[in-house]
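Worksheet: the structure to be examined is printed underneath.
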Amino acid sequence: MKCTECSFEAPVEKFRYLYNARIDASISLRQCPQCQAWLATDELAGEATQKVGPGEAPWGKSAGIEGLAEDAAS
Amino acid sequence: MGRRDQWKQVQSGIYDPSLKARTVEERETVPDIACGLCKNFAENAYASDGRGLCRVLKIGSDISASPVVYVLEGEVGYPAYFTTNAASCTHFERMDFIDTDGSEVADPNYRRVQRQMENKFK
Amino acid sequence: MAAQPAKDTSTQELEQKQEWWWIAEKKRSKRLDYLRKAVWKKGALGGNYAPGIKVDLEIPQLFTNMWNFWRYDPPMLRRAKSMAHVLENMPIFITDHAQLVGYMGTLPHTLAWRVDGATMVNEELYNEPGVMPEPEQASLKRVADLNAYWAGNTAVDKLARVLDPEDAVKFLSGAIGWGAPTSAYGYSGKDYEFMFAQRHGFEDILDLIDQSIEKAEDLTMGNPGPEILPVYDRIQNWDAMKIMLNAAIAYARRYARLARILAEHYETDPKRKEELLRLAQTCENVPAKAPSTFQESLQYDHFVQILARLEAHEGAWPARPDYYHWPMYEKDVIKEKNITREEALDLVGEFMIRAYEVGGFGPRWAREGLQGITGTWVWTLGGVNKDGSDACNDLTLAFLQAARLVRVANPTFGFRWHPKVRDEVMREVFECIRHGLGYPSIRNDPLLIQNAMHWHGHPLEEARTWVHQACMSPCPTTKHGVQPMRMASATANCAKMVEYALHNGYDHVVQMQMGPKTGDARKFKTFDELFAAWTTQMKWLINTLVRTVNLGRYKDPEFYGRPFLSAISERAVESGLDVVSPVGDRGNCWVTGFTWVENADSLAAVKKLVFDEKRYTMDDLLNALENNWNGYEQMRRDFVNDAPKWGNDDDFVDGIMVRCLQEVAKHSREIKCPSGNSWPLLPENVSGNIHYSSIVGALPNGRRLGDALYDGGISPGPGLDKKGPSAVLKSCGKIDHVGDGRAFLLNQRLSPSQLAGEKGYQLWKAYIRTWADLGLDHVQFNMVSDETLRAAQKDPEKYQEVIVRVAGYSAHFVDISRKTQDNIIQRTVQGI
Amino acid sequence: MKYKESKNFFPHSDNPQRGDFVERVVDPRQAYYKVKPVNADDEIPADAAEFAGK
């Protein structure tokens with residue numbers, strides 16, 4: 001896997017595993033041991049897809065039915 | 001040795017408050033090759049005073065002895081502190097990245113949040 | 001400085017944007033606004049204390065000096081004399097505009113340090129970044145000297161020496177439980193019936209003690225015999241209680257003197273002068289005498305809480321303020337009209353603020369498990385009177401209204417719902433939830449009273465006095481029902497049960513053989529073999545914690561002891577025993593079950609995919625788990641998505657959940673507390689699910705080492721409850737909330753836009769009706785949108801005041817770690 | 001300067017050799033009055049806040 005920020009390359013498990021985005025999705029957060037950026041990682045493909053900053057949710061809405069709840073209110 | 005005696009030995013290795021005699025200077029010193037800088041050190045998440053267990057060496061080891069005693073089989077890890085001098089330990093492996101950010105939570109593998117560790121990386 | 005609302009933004013606009021914190025600022029009095037902003041926040045930000053927060057070294061020094069001086073005294077007397085010295089000599093302060101006083105440190109920004117609790121905590125404090133008062137070098141030297149004095153002599157050190165060494169090592173591994181088995185760090189119930197209902201001021205209690213001593217002396221000065229021998233110790237204990245009560249009266253009068261000096265020599269504003277003189281009078285009267293005004297009632301209560309926290313690091317705040325302060329509120333506000341309702345609201349708001357500012361230095365595990373707060377101050381509102389009639393009153397409403405004005409994250413409220421609660425009260429409860437406070441939690445009063453009688457034999461009238469002992473567990477406030485020492489150390493990291501069942505009792509994270517060797521799981525041929533291993537690990541884990549706690553309780557009068565708490569507890573005042581002695585305690589214990597639901601989801605996944613459908617073998621599973629699912633992503637997804645998950649009204653997994661709970665409940669009746677009562681399970685998490693995230697290994701529910709565990713109690717896994725709120729309630733309704741455990745925490749997220757307006761209230765009310773009909777005992781709500789939470793992550797300065805319900809407590813969103821924040825955002829927002 | 005010589009010192013009526021020393025403190029969040037019990041004849045430490053009141 002290659003860090004999208006500093007291009008550090010190593011097997012995926014060398015990137016510090018932080019936590020999942022959602023347990024039922026294959027996106028997780030890992031940390032680059034070289035530049036320490038938090039990376040959204042596709043665990044199925046073993047690829048870093050992007051750096052993740054505060055407030056960013058590369059996996060979308062939390063649980064999938066927030067939209068439904070909003071509809072109900074409108 | 002009976003069960004109780006075996007565990008007593010473990011207990012005295014891990015939890016004996018042998019910190020009594022330490023001076024401020026001793027407390028502040030993190031050796032350049034210290035257990036806290038090693039990949040194989042797992043920090044205790046209950047007593048975050050910097051104690052932990054080695055993931056390679058087992059109880060009965062002694063890295064301060066001369067010659068060093070290595071025990072690699074056993075049911076409990078070798079107790080160490082983040083400030084334990086590991087200069088003589090052949091199993092020392094320096095970590096690529098040490099997390100000193102105490103605003104996140106326990107991570108025995110990566111995190112070292114003691115003030116002395118923060119200072120070491122300043 | 002935090003961002004300010006645009007001056008011209010109308011309340012209506014702010015309501016639409018759900019920026020309730022700005023509305024609170026607009027609506028509250030100038031006094032409340034000042035006092036709320038004056039608070040130095042003592043809760044940790046994630047695991048770190050906020051900048052500017054310092055440890056108080058004066059009190060530990062004063063205490064240690066005297067503790068050393070009185071070294072030949074028995075424990076209770078020695079502690080009382082040392083504490084009296086602290087109370088006489090510690091600096092005290094009065095904040096501008098304050099009408100209530102008392103803090104457990106010497107300055108507003110200081111954390112109290114319980115120096116005689118545990119060497120490991122003292123050592124942690126020495127190593128802690130940022131908390132040493134300036135000049136740092138001098139403080140480090142002082143702490144090193146204090147630590148050297150206490151090393152090996154603290155309450156935990158003393159207990160560690162008598163515990164079985166195997167239990168001690170495993171308990172202190174950090175893997176299976178937390179807390180400290182000593183009243184130095186306990187949750188202490190208060191005998192409110194004795195102090196408030198029976199109206200005993202400290203001078204009244206001193207009279208009672210003198211009478212008891214007189215009676216005891218009839219024995220010690222009479223015919224010799226074995227029966228009089230224990231009485232000598234009791235007289236010493238009574239002496240200790242008297243020292244504490246007198247010191248407490250003198251401590252309060254130090255505030256009275258300061259207030260009077262300020263009024264007479266410094267204050268120029270006549271209105272403030274009057275307030276200071278009233279404050280002086282208040283502190284003259286209480287706690288010496290029973291309160292005679294509403295202000296005195298609150299001040300008496302606050303003094304009791306502070307004094308108890310100067311004596312021990314108390315991790316909880318059991319209280320029922322609308323019930324015990326109602327007589328004085330009714331007198332002053334309603335009958336005699338001595339103060340207006342607005343003035344009373346100011347006092348109530350300040351009463352909450354005074355609790356919010358309280359903070360002591362806690363070890364890192366406690367900070368991480370209770371992120372953003374310093375303890376679980378869950379105050380109980382509502383409920384019934386001893387005769388079963390509705391106990392809600394105008395003060396209940398005042399507390400709910402004041403909470404929306406001061407918006408503190410701690411204390412929070414637990415509301416005892418019952419069918420007779422008036423609509424007017426329910427609307428106020430809902431308004432707090434709608435304003436995003438995350439509290440009150442809703443508790444099913446009739447069911448919990450029944451539960452208290454079932455598990456611990458509390459008589460009906462006693463059970464009806466219950467308050468939240470910590471986040472969740474009901475405990476009475478009576479002579480025999482009150483619990484002086486509930487130790488958090490019977491808090492089980494339950495996910496380890498299934499982890500150990502799969503790894504033959506070995507813990508790969510802490511590198512130790514922890515549980516019994518229940519066999520190589522690779523060789524298990526049936527689900528029942530796995531379940532039997534799980535049951536053995538479950539019993540081992542609970543037994544290890546409970547043995548430790550039981551011994552801690554039994555030895556506490558010797559190893560720590562509570563002279564002040566004894567002095568305000570009827571049974572200790574009567575018996576002369578330290579109140580932490582189990583004698584006279586009915587026994588109201590529970591095992592807090594952290595990370596519980598992972599067991600049901602993991603066992604169900606193995607049953608379905610390995611034993612029933614045979615899609616994977618146990619070898620496959622163990623290989624994947626040992627590799628933390630690395631390289632097994634597709635298989636991991638199958639274990640998440642193709643196995644049924646708790647909270648979807650699916651009998652396959654719900655049946656396993658109930659079976660697990662019933663196994664624990666059976667064991668709960670086999671193990672006993674020092675009073676001979678049972679130890680039921682109470683699943684809930686606080687933020688222990690985050691603390692343990694890198695300590696619990698990979699599990700068959702699809703989590704990896706590092707992932708947050710589920711948010712707790714019987715709450716479904718975040719995002720895994722896909723069938724809507726009714727299915728969640730139906731799953732939970734399959735549990736017998738009386739016989740299967742002590743209480744069951746349920747987190748739910750609701751949509752603030754859906755629940756706007758009258759329609760929103762009616763929807764919520766109907767939901768609560770269903771919840772009650774299904775026989776659930778607890779539910780609490782987060783009603784803050786993803787949008788706001790994500791915005792708060794991006795721009796924390798602007799969203800300093802956003803509050804969320806974590807689990808069993810609320811916290812400011814900006815004070816919890818990123819992992820915790822994301823875990824809350826992951827939770828399903830239910831449309832109801 | 002000794003405590004007893006300060007206008008911020010208030011002796012106890014029963015023991016004039018002991019008393020309270022009142023300080024006004026303004027920290028970044030709040031203003032408050034602090035009091036500490038002291039011996040009348042002890043020296044006021046250099047870091048004691050000077051009272052800025054009337």
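Starting from 1 in every chain, residues are counted up; chains themselves are A, B, ... following the order of the structure tokens, and ligands are numbered from 1 as listed.
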
Find the residues in chain C near chain B: any atom within 8 Å counts, using only C-alpha atoms. Write them as a short mmCIF file (atom, residue, chain, number, x, y, z; two decimals) with all heavy atoms, in the first residue's frame.
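Written file, out.cif:
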```cif
data_model
loop_
_atom_site.label_atom_id
_atom_site.label_comp_id
_atom_site.auth_asym_id
_atom_site.auth_seq_id
_atom_site.Cartn_x
_atom_site.Cartn_y
_atom_site.Cartn_z
N LEU C 45 -10.05 15.91 27.83
CA LEU C 45 -10.34 15.98 26.40
C LEU C 45 -9.78 14.69 25.82
O LEU C 45 -8.57 14.58 25.63
CB LEU C 45 -9.66 17.19 25.77
CG LEU C 45 -9.73 18.51 26.54
CD1 LEU C 45 -8.99 19.60 25.80
CD2 LEU C 45 -11.18 18.93 26.75
N GLY C 46 -10.64 13.72 25.54
CA GLY C 46 -10.13 12.38 25.23
C GLY C 46 -9.49 11.85 26.50
O GLY C 46 -10.17 11.65 27.49
N GLY C 47 -8.17 11.73 26.52
CA GLY C 47 -7.49 11.29 27.74
C GLY C 47 -6.66 12.36 28.42
O GLY C 47 -6.05 12.10 29.45
N ASN C 48 -6.65 13.57 27.89
CA ASN C 48 -5.80 14.64 28.43
C ASN C 48 -6.60 15.68 29.18
O ASN C 48 -7.69 16.03 28.74
CB ASN C 48 -5.08 15.39 27.29
CG ASN C 48 -3.89 14.63 26.78
OD1 ASN C 48 -3.46 13.64 27.36
ND2 ASN C 48 -3.35 15.09 25.67
N THR C 119 -0.63 3.69 44.64
CA THR C 119 0.71 4.10 44.21
C THR C 119 0.76 4.27 42.70
O THR C 119 1.36 5.21 42.19
CB THR C 119 1.74 3.04 44.65
OG1 THR C 119 1.78 3.05 46.06
CG2 THR C 119 3.12 3.35 44.11
N MET C 120 0.07 3.38 41.97
CA MET C 120 0.19 3.46 40.51
C MET C 120 -0.46 4.75 39.98
O MET C 120 0.00 5.31 39.01
CB MET C 120 -0.39 2.22 39.83
CG MET C 120 -1.82 1.95 40.09
SD MET C 120 -2.36 0.41 39.32
CE MET C 120 -1.64 -0.80 40.41
N VAL C 121 -1.49 5.21 40.65
CA VAL C 121 -2.10 6.49 40.23
C VAL C 121 -1.15 7.64 40.57
O VAL C 121 -0.98 8.57 39.78
CB VAL C 121 -3.47 6.68 40.91
CG1 VAL C 121 -4.04 8.06 40.57
CG2 VAL C 121 -4.44 5.60 40.47
N GLU C 123 2.05 7.50 40.68
CA GLU C 123 3.14 7.47 39.71
C GLU C 123 2.68 8.02 38.35
O GLU C 123 3.42 8.70 37.65
CB GLU C 123 3.66 6.04 39.54
CG GLU C 123 4.44 5.54 40.75
CD GLU C 123 5.65 6.43 41.06
OE1 GLU C 123 6.34 6.86 40.13
OE2 GLU C 123 5.88 6.71 42.25
N GLU C 124 1.46 7.69 38.01
CA GLU C 124 0.91 8.21 36.76
C GLU C 124 0.83 9.73 36.81
O GLU C 124 1.14 10.41 35.84
CB GLU C 124 -0.49 7.59 36.57
CG GLU C 124 -1.04 7.84 35.20
CD GLU C 124 -2.34 7.07 34.96
OE1 GLU C 124 -2.51 5.97 35.51
OE2 GLU C 124 -3.17 7.59 34.21
N LEU C 125 0.42 10.23 37.96
CA LEU C 125 0.32 11.68 38.12
C LEU C 125 1.69 12.32 37.92
O LEU C 125 1.83 13.35 37.26
CB LEU C 125 -0.23 12.01 39.50
CG LEU C 125 -0.49 13.48 39.80
CD1 LEU C 125 -1.77 13.62 40.63
CD2 LEU C 125 0.64 14.12 40.56
N ASN C 127 4.01 11.32 36.06
CA ASN C 127 4.39 11.28 34.64
C ASN C 127 3.46 12.06 33.73
O ASN C 127 3.70 12.16 32.53
CB ASN C 127 4.39 9.82 34.14
CG ASN C 127 5.48 8.99 34.79
OD1 ASN C 127 6.44 9.53 35.31
ND2 ASN C 127 5.33 7.68 34.77
N GLU C 128 2.36 12.58 34.30
CA GLU C 128 1.32 13.17 33.46
C GLU C 128 1.77 14.53 32.88
O GLU C 128 2.22 15.40 33.62
CB GLU C 128 0.06 13.37 34.32
CG GLU C 128 -1.13 13.92 33.58
CD GLU C 128 -1.68 12.94 32.56
OE1 GLU C 128 -1.55 11.73 32.74
OE2 GLU C 128 -2.23 13.44 31.56
N PRO C 129 1.61 14.72 31.57
CA PRO C 129 1.99 16.01 30.99
C PRO C 129 1.03 17.13 31.39
O PRO C 129 -0.17 16.91 31.48
CB PRO C 129 1.88 15.77 29.47
CG PRO C 129 1.68 14.31 29.29
CD PRO C 129 1.12 13.77 30.56
N GLY C 130 1.58 18.30 31.65
CA GLY C 130 0.77 19.52 31.73
C GLY C 130 0.07 19.84 33.03
O GLY C 130 -0.49 20.91 33.15
N LEU C 140 7.40 18.83 40.75
CA LEU C 140 7.83 17.45 40.51
C LEU C 140 8.54 16.90 41.75
O LEU C 140 8.33 15.76 42.15
CB LEU C 140 8.75 17.36 39.28
CG LEU C 140 8.05 17.55 37.93
CD1 LEU C 140 9.09 17.63 36.80
CD2 LEU C 140 7.07 16.42 37.64
N LYS C 141 9.35 17.72 42.34
CA LYS C 141 10.08 17.29 43.54
C LYS C 141 9.09 16.99 44.68
O LYS C 141 9.19 15.98 45.37
CB LYS C 141 11.05 18.42 43.94
CG LYS C 141 11.73 18.25 45.28
CD LYS C 141 12.90 17.27 45.18
CE LYS C 141 13.74 17.19 46.44
NZ LYS C 141 13.12 16.58 47.58
N ALA C 144 7.29 13.81 43.89
CA ALA C 144 8.18 12.66 44.09
C ALA C 144 8.29 12.34 45.58
O ALA C 144 8.27 11.16 45.98
CB ALA C 144 9.56 12.96 43.50
N ASN C 147 5.01 10.80 46.76
CA ASN C 147 4.92 9.44 46.25
C ASN C 147 5.81 8.49 47.03
O ASN C 147 5.44 7.34 47.30
CB ASN C 147 5.31 9.40 44.77
CG ASN C 147 4.21 9.96 43.88
OD1 ASN C 147 3.20 10.46 44.38
ND2 ASN C 147 4.38 9.89 42.58
N ALA C 148 7.00 8.97 47.41
CA ALA C 148 7.91 8.11 48.17
C ALA C 148 7.28 7.79 49.53
O ALA C 148 7.36 6.65 50.01
CB ALA C 148 9.25 8.81 48.35
N TYR C 149 6.59 8.77 50.13
CA TYR C 149 5.95 8.51 51.42
C TYR C 149 4.86 7.46 51.30
O TYR C 149 4.73 6.57 52.14
CB TYR C 149 5.36 9.81 52.00
CG TYR C 149 4.64 9.57 53.32
CD1 TYR C 149 5.36 9.53 54.51
CD2 TYR C 149 3.26 9.34 53.37
CE1 TYR C 149 4.72 9.27 55.72
CE2 TYR C 149 2.62 9.08 54.57
CZ TYR C 149 3.36 9.05 55.74
OH TYR C 149 2.72 8.78 56.93
N ALA C 151 4.32 5.22 48.73
CA ALA C 151 4.59 3.99 47.97
C ALA C 151 4.44 2.75 48.85
O ALA C 151 5.10 2.64 49.89
CB ALA C 151 5.99 4.06 47.37
N GLY C 152 3.57 1.87 48.44
CA GLY C 152 3.36 0.64 49.19
C GLY C 152 2.39 0.80 50.35
O GLY C 152 2.03 -0.19 51.01
N ASP C 164 -5.41 -12.85 46.33
CA ASP C 164 -4.68 -13.96 45.73
C ASP C 164 -3.78 -13.36 44.64
O ASP C 164 -4.25 -12.55 43.84
CB ASP C 164 -5.65 -14.96 45.10
CG ASP C 164 -4.90 -16.15 44.54
OD1 ASP C 164 -4.41 -16.06 43.39
OD2 ASP C 164 -4.76 -17.13 45.27
N PRO C 165 -2.50 -13.73 44.60
CA PRO C 165 -1.59 -13.08 43.64
C PRO C 165 -2.02 -13.28 42.19
O PRO C 165 -1.80 -12.39 41.35
CB PRO C 165 -0.23 -13.72 43.92
CG PRO C 165 -0.51 -14.92 44.73
CD PRO C 165 -1.79 -14.69 45.45
N GLU C 166 -2.64 -14.41 41.89
CA GLU C 166 -3.10 -14.64 40.51
C GLU C 166 -4.22 -13.65 40.17
O GLU C 166 -4.22 -13.02 39.11
CB GLU C 166 -3.58 -16.08 40.35
CG GLU C 166 -4.00 -16.40 38.92
CD GLU C 166 -4.41 -17.86 38.72
OE1 GLU C 166 -4.14 -18.69 39.61
OE2 GLU C 166 -5.02 -18.15 37.68
N ALA C 168 -4.73 -10.81 41.58
CA ALA C 168 -4.18 -9.44 41.56
C ALA C 168 -3.52 -9.16 40.22
O ALA C 168 -3.78 -8.11 39.60
CB ALA C 168 -3.17 -9.27 42.69
N VAL C 169 -2.72 -10.09 39.74
CA VAL C 169 -2.01 -9.87 38.47
C VAL C 169 -3.00 -9.76 37.32
O VAL C 169 -2.90 -8.87 36.47
CB VAL C 169 -1.00 -11.01 38.21
CG1 VAL C 169 -0.47 -10.95 36.79
CG2 VAL C 169 0.14 -10.93 39.20
N LEU C 172 -5.05 -6.53 37.48
CA LEU C 172 -4.26 -5.33 37.14
C LEU C 172 -3.67 -5.39 35.73
O LEU C 172 -2.96 -4.48 35.32
CB LEU C 172 -3.15 -5.13 38.17
CG LEU C 172 -3.64 -4.83 39.59
CD1 LEU C 172 -2.49 -4.82 40.59
CD2 LEU C 172 -4.37 -3.49 39.66
N SER C 173 -4.00 -6.44 34.98
CA SER C 173 -3.50 -6.52 33.61
C SER C 173 -4.14 -5.45 32.72
O SER C 173 -3.60 -5.09 31.69
CB SER C 173 -3.82 -7.89 33.01
OG SER C 173 -5.22 -8.00 32.78
N GLY C 174 -5.30 -4.97 33.14
CA GLY C 174 -6.00 -3.96 32.33
C GLY C 174 -6.88 -4.57 31.25
O GLY C 174 -7.50 -3.84 30.48
N ALA C 175 -6.96 -5.90 31.20
CA ALA C 175 -7.69 -6.54 30.11
C ALA C 175 -9.14 -6.84 30.45
O ALA C 175 -10.02 -6.77 29.59
CB ALA C 175 -6.99 -7.83 29.69
N TRP C 178 -12.04 -2.84 35.22
CA TRP C 178 -11.42 -1.60 35.68
C TRP C 178 -11.99 -1.21 37.02
O TRP C 178 -12.74 -1.95 37.65
CB TRP C 178 -11.52 -0.52 34.62
CG TRP C 178 -12.88 0.12 34.48
CD1 TRP C 178 -14.04 -0.30 35.06
CD2 TRP C 178 -13.19 1.29 33.73
NE1 TRP C 178 -15.04 0.54 34.71
CE2 TRP C 178 -14.55 1.53 33.91
CE3 TRP C 178 -12.44 2.16 32.96
CZ2 TRP C 178 -15.20 2.61 33.33
CZ3 TRP C 178 -13.08 3.24 32.39
CH2 TRP C 178 -14.45 3.46 32.55
N PRO C 363 -7.00 8.29 37.05
CA PRO C 363 -6.06 7.60 36.18
C PRO C 363 -6.56 7.62 34.74
O PRO C 363 -7.74 7.84 34.48
CB PRO C 363 -6.01 6.19 36.74
CG PRO C 363 -7.27 6.04 37.52
CD PRO C 363 -7.66 7.40 38.00
N ARG C 364 -5.64 7.39 33.83
CA ARG C 364 -5.95 7.51 32.41
C ARG C 364 -7.10 6.60 31.97
O ARG C 364 -7.94 6.98 31.17
CB ARG C 364 -4.68 7.23 31.59
CG ARG C 364 -4.74 7.70 30.18
CD ARG C 364 -3.35 7.78 29.60
NE ARG C 364 -2.76 9.08 29.81
CZ ARG C 364 -3.01 10.15 29.05
NH1 ARG C 364 -3.85 10.07 28.04
NH2 ARG C 364 -2.45 11.29 29.28
N TRP C 365 -7.16 5.38 32.51
CA TRP C 365 -8.25 4.51 32.08
C TRP C 365 -9.61 5.12 32.43
O TRP C 365 -10.58 4.96 31.69
CB TRP C 365 -8.12 3.08 32.64
CG TRP C 365 -8.01 2.97 34.14
CD1 TRP C 365 -6.89 2.76 34.87
CD2 TRP C 365 -9.08 3.05 35.12
NE1 TRP C 365 -7.16 2.73 36.21
CE2 TRP C 365 -8.49 2.90 36.39
CE3 TRP C 365 -10.46 3.25 35.03
CZ2 TRP C 365 -9.24 2.93 37.58
CZ3 TRP C 365 -11.20 3.28 36.21
CH2 TRP C 365 -10.60 3.12 37.45
N GLU C 368 -10.29 7.96 29.97
CA GLU C 368 -10.65 7.46 28.64
C GLU C 368 -12.02 6.79 28.64
O GLU C 368 -12.73 6.81 27.64
CB GLU C 368 -9.59 6.47 28.16
CG GLU C 368 -8.26 7.14 27.89
CD GLU C 368 -7.18 6.17 27.50
OE1 GLU C 368 -7.43 4.95 27.47
OE2 GLU C 368 -6.07 6.63 27.23
N VAL C 509 -3.35 -9.82 23.53
CA VAL C 509 -3.00 -8.40 23.64
C VAL C 509 -2.10 -8.17 24.85
O VAL C 509 -1.05 -7.55 24.75
CB VAL C 509 -4.25 -7.51 23.70
CG1 VAL C 509 -3.88 -6.05 23.89
CG2 VAL C 509 -5.06 -7.68 22.42
N VAL C 510 -2.51 -8.69 26.01
CA VAL C 510 -1.66 -8.49 27.20
C VAL C 510 -0.68 -9.64 27.40
O VAL C 510 0.08 -9.65 28.37
CB VAL C 510 -2.48 -8.25 28.49
CG1 VAL C 510 -3.31 -6.99 28.35
CG2 VAL C 510 -3.35 -9.43 28.83
N GLN C 511 -0.69 -10.60 26.47
CA GLN C 511 0.31 -11.67 26.50
C GLN C 511 0.29 -12.45 27.81
O GLN C 511 1.29 -12.58 28.50
CB GLN C 511 1.72 -11.07 26.31
CG GLN C 511 1.91 -10.32 25.03
CD GLN C 511 1.98 -11.25 23.84
OE1 GLN C 511 2.68 -12.26 23.84
NE2 GLN C 511 1.22 -10.94 22.82
N MET C 512 -0.89 -12.95 28.15
CA MET C 512 -1.00 -13.67 29.42
C MET C 512 -2.08 -14.74 29.32
O MET C 512 -3.09 -14.52 28.65
CB MET C 512 -1.38 -12.67 30.52
CG MET C 512 -0.95 -13.09 31.91
SD MET C 512 -1.50 -11.92 33.16
CE MET C 512 -0.56 -10.47 32.80
N GLN C 513 -1.84 -15.86 29.97
CA GLN C 513 -2.90 -16.86 30.11
C GLN C 513 -3.86 -16.30 31.15
O GLN C 513 -3.55 -16.29 32.33
CB GLN C 513 -2.34 -18.21 30.55
CG GLN C 513 -3.39 -19.31 30.66
CD GLN C 513 -4.01 -19.69 29.31
OE1 GLN C 513 -3.31 -19.76 28.30
NE2 GLN C 513 -5.31 -19.91 29.29
N ILE C 690 -14.48 2.55 23.94
CA ILE C 690 -13.38 3.16 23.20
C ILE C 690 -12.05 2.87 23.92
O ILE C 690 -11.05 2.51 23.29
CB ILE C 690 -13.57 4.69 23.08
CG1 ILE C 690 -14.99 5.01 22.62
CG2 ILE C 690 -12.51 5.29 22.18
CD1 ILE C 690 -15.31 4.63 21.20
N HIS C 691 -12.07 2.98 25.25
CA HIS C 691 -10.86 2.66 26.01
C HIS C 691 -10.36 1.26 25.66
O HIS C 691 -9.18 1.03 25.50
CB HIS C 691 -11.15 2.78 27.51
CG HIS C 691 -10.08 2.19 28.37
ND1 HIS C 691 -8.87 2.81 28.56
CD2 HIS C 691 -10.03 1.02 29.07
CE1 HIS C 691 -8.11 2.05 29.36
NE2 HIS C 691 -8.80 0.97 29.68
N TYR C 692 -11.29 0.32 25.56
CA TYR C 692 -10.91 -1.08 25.32
C TYR C 692 -10.69 -1.41 23.84
O TYR C 692 -10.42 -2.55 23.50
CB TYR C 692 -11.98 -2.02 25.89
CG TYR C 692 -11.88 -2.18 27.39
CD1 TYR C 692 -12.95 -1.85 28.22
CD2 TYR C 692 -10.73 -2.68 27.97
CE1 TYR C 692 -12.86 -2.00 29.59
CE2 TYR C 692 -10.63 -2.82 29.35
CZ TYR C 692 -11.70 -2.48 30.16
OH TYR C 692 -11.61 -2.62 31.51
N SER C 693 -10.84 -0.42 22.97
CA SER C 693 -10.83 -0.75 21.54
C SER C 693 -9.52 -1.37 21.06
O SER C 693 -9.53 -2.21 20.17
CB SER C 693 -11.18 0.49 20.71
OG SER C 693 -10.24 1.52 20.97
N SER C 694 -8.40 -0.98 21.66
CA SER C 694 -7.13 -1.58 21.26
C SER C 694 -6.67 -2.63 22.25
O SER C 694 -5.51 -3.02 22.29
CB SER C 694 -6.06 -0.49 21.10
OG SER C 694 -6.40 0.36 20.03
N ILE C 695 -7.59 -3.09 23.09
CA ILE C 695 -7.26 -4.12 24.09
C ILE C 695 -8.05 -5.40 23.81
O ILE C 695 -7.61 -6.49 24.15
CB ILE C 695 -7.55 -3.56 25.51
CG1 ILE C 695 -6.67 -2.33 25.74
CG2 ILE C 695 -7.29 -4.61 26.58
CD1 ILE C 695 -7.06 -1.51 26.93
N SER C 817 -12.63 11.91 22.20
CA SER C 817 -11.62 11.64 21.18
C SER C 817 -12.27 11.46 19.82
O SER C 817 -13.47 11.20 19.71
CB SER C 817 -10.82 10.39 21.55
OG SER C 817 -11.61 9.24 21.34
N ARG C 818 -11.46 11.57 18.78
CA ARG C 818 -11.99 11.43 17.42
C ARG C 818 -12.66 10.07 17.24
O ARG C 818 -13.70 9.95 16.60
CB ARG C 818 -10.81 11.61 16.44
CG ARG C 818 -11.12 11.28 14.99
CD ARG C 818 -11.85 12.42 14.29
NE ARG C 818 -12.50 11.95 13.08
CZ ARG C 818 -11.93 11.95 11.86
NH1 ARG C 818 -10.73 12.43 11.70
NH2 ARG C 818 -12.59 11.49 10.81
N LYS C 819 -12.05 9.05 17.82
CA LYS C 819 -12.63 7.70 17.66
C LYS C 819 -14.02 7.64 18.31
O LYS C 819 -14.95 7.06 17.76
CB LYS C 819 -11.70 6.66 18.29
CG LYS C 819 -12.07 5.22 17.94
CD LYS C 819 -11.25 4.20 18.72
CE LYS C 819 -9.90 3.94 18.13
NZ LYS C 819 -9.26 2.73 18.70
#
```

Strand (DSSP E) call set, DSSP backbone run, stretch 349-508 of chain C, as a PyMOL selection string: chain C and resi 378-382+412-417+441-444+467-468+474-475+491-493+506-507

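Counting only C-alpha atoms, stretch 36-40 of chain D has the following residues at most 8 Å away, ignoring those fewer than 2 positions along the same chain: Glu88, Asn89, Met90, Pro91 and Ile92 of chain C; Lys2, Tyr3, Lys4, Phe9, Pro11, Pro16, Gln17, Arg18, Gly19, Asp20, Phe21, Val22, Lys34 and Asp42 of chain D.
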
Polymer residues at most 12 Å from C:Gln821, only C-alpha atoms, same-chain spacing of 6 or more positions, as a ChimeraX atom specification: /A:21,54-57,62 /B:104 /C:45-46,371-372,687,690,708,711,786,788-794,796,802-806,811-815,827

Contact residues around B:Val68 with only C-alpha atoms at 12 Å, ignoring same-chain residues under 3 positions, as a ChimeraX atom specification: /B:57,60-65,71,86-91

Coordinates-based distance that separates atom CA of C:Tyr560 from atom CA of C:Arg79 (Å, one decimal): 8.3 Å
